[in-house]
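work.txt follows (compact mmCIF, C-alpha atoms):
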# COMPACT_ATOMS: atom_id res chain seq x y z
CA MET P 26 -19.67 2.73 1.99
CA THR P 27 -19.98 2.40 -1.75
CA ARG P 28 -18.06 -0.51 -3.28
CA ALA P 29 -18.20 0.64 -6.89
CA ASP P 30 -15.51 -0.38 -9.36
CA LEU P 31 -13.16 2.33 -10.56
CA THR P 32 -11.89 2.16 -14.12
CA LYS P 33 -8.12 2.47 -13.99
CA ASN P 34 -5.93 3.02 -17.01
CA PRO P 35 -2.30 2.19 -16.21
CA ALA P 36 -0.90 5.13 -18.19
CA ASP P 37 -3.31 7.57 -16.55
CA VAL P 38 -2.51 6.31 -13.05
CA SER P 39 1.23 6.51 -13.74
CA THR P 40 0.93 10.07 -15.05
CA MET P 41 -1.18 11.06 -12.05
CA PHE P 42 1.50 9.87 -9.63
CA ASP P 43 4.23 11.53 -11.71
CA ASP P 44 2.38 14.82 -11.28
CA VAL P 45 2.05 14.62 -7.48
CA ALA P 46 5.42 12.98 -6.72
CA GLY P 47 7.09 16.08 -5.26
CA ARG P 48 4.55 16.65 -2.49
CA TYR P 49 2.97 13.23 -2.21
CA ASP P 50 4.59 12.23 1.10
CA LEU P 51 3.94 15.61 2.71
CA LEU P 52 0.29 15.51 1.70
CA ASN P 53 -0.11 11.97 3.01
CA THR P 54 1.24 13.01 6.41
CA VAL P 55 -1.02 16.08 6.55
CA LEU P 56 -4.13 14.23 5.43
CA ALA P 57 -3.45 11.35 7.84
CA PHE P 58 -2.85 13.78 10.71
CA GLY P 59 0.63 12.33 11.18
CA GLN P 60 -0.64 8.81 11.83
CA ASP P 61 1.17 7.44 8.76
CA ARG P 62 4.41 7.13 10.75
CA GLY P 63 2.78 4.72 13.16
CA TRP P 64 1.24 2.79 10.28
CA ARG P 65 4.67 2.32 8.73
CA THR P 66 6.07 1.09 12.03
CA ALA P 67 3.30 -1.52 12.26
CA MET P 68 3.91 -2.50 8.63
CA VAL P 69 7.59 -3.22 9.28
CA GLU P 70 6.70 -5.33 12.32
CA ALA P 71 4.22 -7.31 10.21
CA LEU P 72 7.02 -8.47 7.91
CA ASP P 73 7.96 -10.81 10.77
CA LEU P 74 11.69 -10.66 10.05
CA PRO P 75 14.51 -10.36 12.63
CA LYS P 76 16.00 -6.88 12.85
CA GLY P 77 19.46 -6.65 11.38
CA SER P 78 19.11 -9.99 9.62
CA GLY P 79 19.71 -8.58 6.15
CA ALA P 80 16.64 -10.45 4.89
CA ARG P 81 15.49 -9.38 1.42
CA VAL P 82 12.21 -7.49 1.18
CA LEU P 83 10.41 -6.34 -1.96
CA ASP P 84 8.45 -3.11 -1.54
CA VAL P 85 5.89 -3.07 -4.37
CA ALA P 86 4.41 0.24 -5.58
CA ALA P 87 6.98 1.85 -3.30
CA GLY P 88 6.48 5.38 -4.61
CA THR P 89 9.19 7.63 -3.22
CA GLY P 90 10.45 4.87 -0.94
CA THR P 91 9.16 6.19 2.38
CA SER P 92 8.12 2.71 3.48
CA SER P 93 11.28 1.25 1.98
CA ALA P 94 13.35 3.58 4.16
CA ALA P 95 11.49 2.40 7.27
CA ILE P 96 12.28 -1.20 6.31
CA ALA P 97 15.95 -0.41 5.68
CA ARG P 98 16.28 1.23 9.09
CA GLU P 99 15.58 -2.17 10.65
CA GLY P 100 18.65 -3.69 9.04
CA LEU P 101 16.76 -5.41 6.23
CA GLN P 102 17.68 -5.34 2.53
CA VAL P 103 14.87 -3.67 0.63
CA LEU P 104 14.27 -3.26 -3.09
CA ALA P 105 11.77 -0.55 -4.03
CA SER P 106 9.72 -1.14 -7.17
CA ASP P 107 7.24 1.19 -8.85
CA PHE P 108 5.90 1.99 -12.32
CA SER P 109 5.82 5.78 -11.92
CA ALA P 110 9.04 7.31 -13.23
CA GLY P 111 8.29 10.55 -11.39
CA MET P 112 7.86 8.80 -8.05
CA MET P 113 11.06 6.83 -8.49
CA ALA P 114 13.02 9.92 -9.52
CA GLU P 115 11.87 11.66 -6.34
CA GLY P 116 12.62 8.54 -4.33
CA ARG P 117 16.16 8.24 -5.63
CA LYS P 118 16.83 11.81 -4.50
CA ARG P 119 15.37 11.27 -1.04
CA GLN P 120 16.56 7.71 -0.46
CA PRO P 121 19.89 7.41 -2.30
CA HIS P 122 20.80 4.34 -0.24
CA ILE P 123 17.81 2.36 -1.53
CA PRO P 124 17.77 0.68 -4.97
CA PHE P 125 14.73 1.39 -7.15
CA VAL P 126 13.57 -0.65 -10.12
CA GLY P 127 10.78 0.12 -12.56
CA ALA P 128 8.22 -2.66 -12.39
CA ASP P 129 4.58 -3.39 -13.13
CA ALA P 130 3.04 -4.85 -9.98
CA THR P 131 1.03 -7.29 -12.10
CA ASN P 132 4.12 -8.64 -13.87
CA LEU P 133 7.08 -8.43 -11.49
CA PRO P 134 10.46 -9.00 -13.19
CA PHE P 135 11.78 -11.35 -10.49
CA LYS P 136 12.25 -15.08 -10.24
CA PRO P 137 10.05 -17.16 -7.94
CA HIS P 138 11.12 -17.26 -4.30
CA SER P 139 13.52 -14.30 -4.71
CA PHE P 140 12.56 -12.48 -1.48
CA ASP P 141 12.05 -13.29 2.18
CA ALA P 142 8.95 -11.08 2.27
CA ALA P 143 6.98 -8.67 0.08
CA VAL P 144 4.91 -5.66 1.05
CA ILE P 145 2.73 -3.06 -0.62
CA SER P 146 1.70 0.03 1.34
CA PHE P 147 -1.25 2.13 0.13
CA GLY P 148 -0.66 1.04 -3.44
CA LEU P 149 -2.66 -2.11 -4.07
CA ARG P 150 -5.94 -0.26 -4.63
CA ASN P 151 -4.29 1.76 -7.42
CA VAL P 152 -3.20 -1.32 -9.38
CA VAL P 153 -5.38 -2.10 -12.40
CA GLU P 154 -5.54 -5.80 -11.46
CA PRO P 155 -4.93 -5.89 -7.70
CA LYS P 156 -5.56 -9.61 -7.33
CA LYS P 157 -2.93 -10.31 -9.96
CA ALA P 158 -0.48 -8.05 -8.13
CA LEU P 159 -1.09 -9.96 -4.92
CA SER P 160 -0.51 -13.19 -6.81
CA GLU P 161 2.79 -11.86 -8.16
CA MET P 162 3.91 -10.88 -4.67
CA THR P 163 3.13 -14.39 -3.49
CA ARG P 164 5.10 -15.88 -6.39
CA VAL P 165 8.33 -14.00 -5.63
CA VAL P 166 8.34 -14.72 -1.87
CA LYS P 167 10.12 -17.77 -0.49
CA PRO P 168 8.08 -20.55 1.12
CA GLY P 169 7.37 -19.56 4.71
CA GLY P 170 7.76 -15.85 3.95
CA ALA P 171 5.19 -13.15 4.59
CA VAL P 172 3.09 -11.20 2.10
CA VAL P 173 1.91 -7.95 3.69
CA VAL P 174 -0.62 -5.35 2.54
CA CYS P 175 -1.05 -2.06 4.37
CA GLU P 176 -4.05 -0.28 2.90
CA PHE P 177 -6.92 2.04 3.68
CA SER P 178 -9.97 0.10 4.81
CA THR P 179 -13.37 0.39 6.49
CA PRO P 180 -13.73 1.95 9.97
CA LYS P 181 -15.59 -0.46 12.23
CA ASN P 182 -17.68 2.08 14.17
CA ARG P 183 -20.74 3.07 12.14
CA ALA P 184 -20.82 6.71 13.29
CA PHE P 185 -17.10 7.12 12.73
CA ARG P 186 -17.45 5.44 9.32
CA HIS P 187 -20.00 8.08 8.28
CA VAL P 188 -17.78 10.95 9.42
CA TYR P 189 -14.76 9.38 7.72
CA SER P 190 -16.64 8.96 4.45
CA ARG P 191 -17.61 12.64 4.47
CA TYR P 192 -14.00 13.61 5.19
CA ILE P 193 -12.64 11.44 2.40
CA MET P 194 -15.03 12.71 -0.26
CA GLY P 195 -15.28 16.32 0.87
CA LEU P 196 -12.40 17.67 2.90
CA LEU P 197 -9.54 15.52 1.58
CA PRO P 198 -9.63 16.76 -2.06
CA ARG P 199 -10.10 20.37 -0.91
CA VAL P 200 -7.11 20.24 1.44
CA ALA P 201 -5.02 18.51 -1.20
CA SER P 202 -5.86 21.18 -3.79
CA GLN P 203 -4.35 23.83 -1.50
CA VAL P 204 -1.00 22.02 -1.42
CA SER P 205 -0.89 20.21 -4.75
CA ALA P 206 -1.45 21.47 -8.26
CA ASN P 207 -3.28 18.24 -9.05
CA GLY P 208 -6.30 18.25 -6.77
CA ALA P 209 -8.09 15.94 -9.21
CA ALA P 210 -5.60 13.22 -8.35
CA TYR P 211 -6.75 13.30 -4.76
CA SER P 212 -10.38 13.15 -5.80
CA TYR P 213 -9.51 9.91 -7.57
CA LEU P 214 -7.59 8.63 -4.53
CA ALA P 215 -10.53 9.44 -2.27
CA GLU P 216 -12.91 7.53 -4.53
CA SER P 217 -10.51 4.59 -4.69
CA ILE P 218 -10.45 4.37 -0.89
CA LEU P 219 -14.23 4.18 -0.63
CA ALA P 220 -14.44 1.64 -3.46
CA TRP P 221 -11.92 -0.71 -1.85
CA PRO P 222 -12.98 -4.05 -0.28
CA ASP P 223 -13.37 -4.13 3.48
CA GLN P 224 -11.13 -6.13 5.81
CA GLU P 225 -12.85 -9.47 5.31
CA GLY P 226 -13.03 -8.95 1.56
CA LEU P 227 -9.27 -8.48 1.27
CA ARG P 228 -8.67 -11.39 3.62
CA GLU P 229 -10.58 -13.59 1.16
CA TRP P 230 -8.18 -12.57 -1.61
CA PHE P 231 -5.29 -13.84 0.50
CA LEU P 232 -7.04 -17.12 1.17
CA ASP P 233 -7.94 -17.58 -2.51
CA LEU P 234 -4.21 -17.47 -3.32
CA GLY P 235 -3.50 -20.25 -0.86
CA LEU P 236 -1.72 -18.05 1.65
CA GLU P 237 -1.70 -19.46 5.16
CA ARG P 238 -2.27 -18.03 8.66
CA VAL P 239 -4.01 -15.04 7.10
CA GLN P 240 -4.77 -12.33 9.62
CA TYR P 241 -5.49 -8.63 9.63
CA ARG P 242 -5.04 -5.90 12.19
CA ASN P 243 -7.04 -2.70 12.25
CA LEU P 244 -5.10 0.52 12.73
CA SER P 245 -6.67 3.84 13.76
CA GLY P 246 -10.09 2.29 14.21
CA GLY P 247 -10.05 0.57 10.82
CA ILE P 248 -9.06 3.59 8.72
CA VAL P 249 -6.16 1.36 7.76
CA ALA P 250 -5.92 -2.43 7.85
CA LEU P 251 -2.73 -4.45 7.89
CA HIS P 252 -3.15 -7.87 6.24
CA ARG P 253 -0.57 -10.65 6.39
CA GLY P 254 -0.40 -14.15 4.99
CA TYR P 255 2.41 -16.68 4.65
CA VAL P 256 3.51 -18.53 1.54
CA PRO P 257 3.03 -22.26 2.19
CA ALA P 258 6.27 -23.89 3.30
CA HIS P 259 5.60 -27.13 1.43
Give the structure from this file in C-alpha cells form.
Amino acid sequence: MTRADLTKNPADVSTMFDDVAGRYDLLNTVLAFGQDRGWRTAMVEALDLPKGSGARVLDVAAGTGTSSAAIAREGLQVLASDFSAGMMAEGRKRQPHIPFVGADATNLPFKPHSFDAAVISFGLRNVVEPKKALSEMTRVVKPGGAVVVCEFSTPKNRAFRHVYSRYIMGLLPRVASQVSANGAAYSYLAESILAWPDQEGLREWFLDLGLERVQYRNLSGGIVALHRGYVPAH
C-alpha cells in the first residue's frame, strides 16, 4: 500500500467533519459491515481498567461520542474531546450523559497525569501532527495507565490487502456519496487510511515516546489494529 503523506489543514479537516457529523456514525457502520461494534468492544477491553471502577478516561477526537458511550457503559468516567464543533453538537444530542470539551489533540488543555487512561479511535490519522497528539495523550495519563489507539491498519494477507485497497479507494467513496452529501470527505478518509503507517510503524511511535509493554492486536485480519502502551510507573 502507498505510504504517501497527506497534507492536512486543521481548519479544512474540522470543516469536513462538521459537514458529515449527522450521518458519520451510520456511514461508518455501513462501510465497516457492522464490525465497528466489535472493534469498540475490543477498544474498551484494551483500556485495562476494572468495570465499574469509575476510573477517568479521556477519549481524544471522540467525534459524536460513540466510543465514549461504550466506555461509559462499563462504569468508567469518560470525557469526550474533539475539535469539530459539528461533531460535538451531534454528540451532545446523542450522548447527553457524556461531557464534551473542545480540544486540539496536539495541545490538550489538561494537566499532566489527569486521567487513568486515554484512547483515540479512528482519529489519530486525521490529526495534523499525530505523533504530537500521541505525546499529549501520554502526558495526561497517570503513571502506570494505558494509552490506546484503535485505528485502521494494514491487512496481513497479501491477497486480502489488494482487495481491501481496491475497496477503500473505489467502493468506499461511491457508497458514501449515496448516503452523505460530502462524498469528497470520504475520498480523503480513504486516502488517509492507505497512507497510514502499518502496525509495526505505529508501534515504533509508542516506543519512541517511552511507553512500556507496547503491544498491538489485529482485528478483522488487520483492517484495524489496536495498539496499547503504558506510561512508565517511575
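Of the residues under consideration (P:Arg238, P:His252, P:Arg119, P:Arg150), P:His252 shows the shortest atom-to-atom contact distance to P:Ala71 when counting only C-alpha atoms.
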> Could you pull the residues within 12 Å of stretch 225-230 of chain P, counting all atoms listed in the file, minus those fewer than 2 positions along the same chain, as a VMD selection string?
Replying inline: chain P and resid 28 149 to 150 155 to 160 163 172 to 179 181 220 to 223 232 to 243 247 250 to 254
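Residue nearest P:Val85 within the list P:Pro180, P:Gly170, P:Gly111, P:Pro134: P:Pro134 [criterion: smallest interatomic distance, all atoms listed in the file].
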>> Could you list, as a ChimeraX atom specification, every residue within 9 Å of P:Leu101, counting all atoms listed in the file and ignoring same-chain residues fewer than 2 positions away?
In response: /P:74-82,96-99,103
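Note that the spacing between atom CA of P:Glu216 and atom CA of P:Arg191 amounts to 11.4 Å.
From atom CA of P:His138 back to atom CA of P:Ile123, the distance works out to 20.9 Å.
The coordinates place atom CA of P:Val256 at 22.5 Å from atom CA of P:Gly100.
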>> From (13.3, 8.6, -1.1), in the file's coordinates, out to 7 Å: which residues are reached, counting all atoms listed in the file? Answer as a PyMOL selection string.
In response: chain P and resi 89-91+115-121
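Nearest-residue note for P:Ala128: choosing from P:Glu161, P:Ala86, P:Ala184, P:Lys167, the minimum distance belongs to P:Ala86, counting only C-alpha atoms.
Candidate residues P:Ile248, P:Ala258, P:Leu83, P:Val144 were compared for distance to P:Tyr189, and the nearest is P:Ile248, using only C-alpha atoms.
Comparing the minimum interatomic distances between P:Met162 and each of P:Gly127, P:Asp84, P:Ser109, P:Ser146, counting all atoms listed in the file, we find that P:Asp84 sits nearest.
Here the question is which of P:Ala130, P:Gly88, P:Arg62, P:Ala143 gets nearest to P:Gln102 using all atoms listed in the file, and that residue is P:Ala143.
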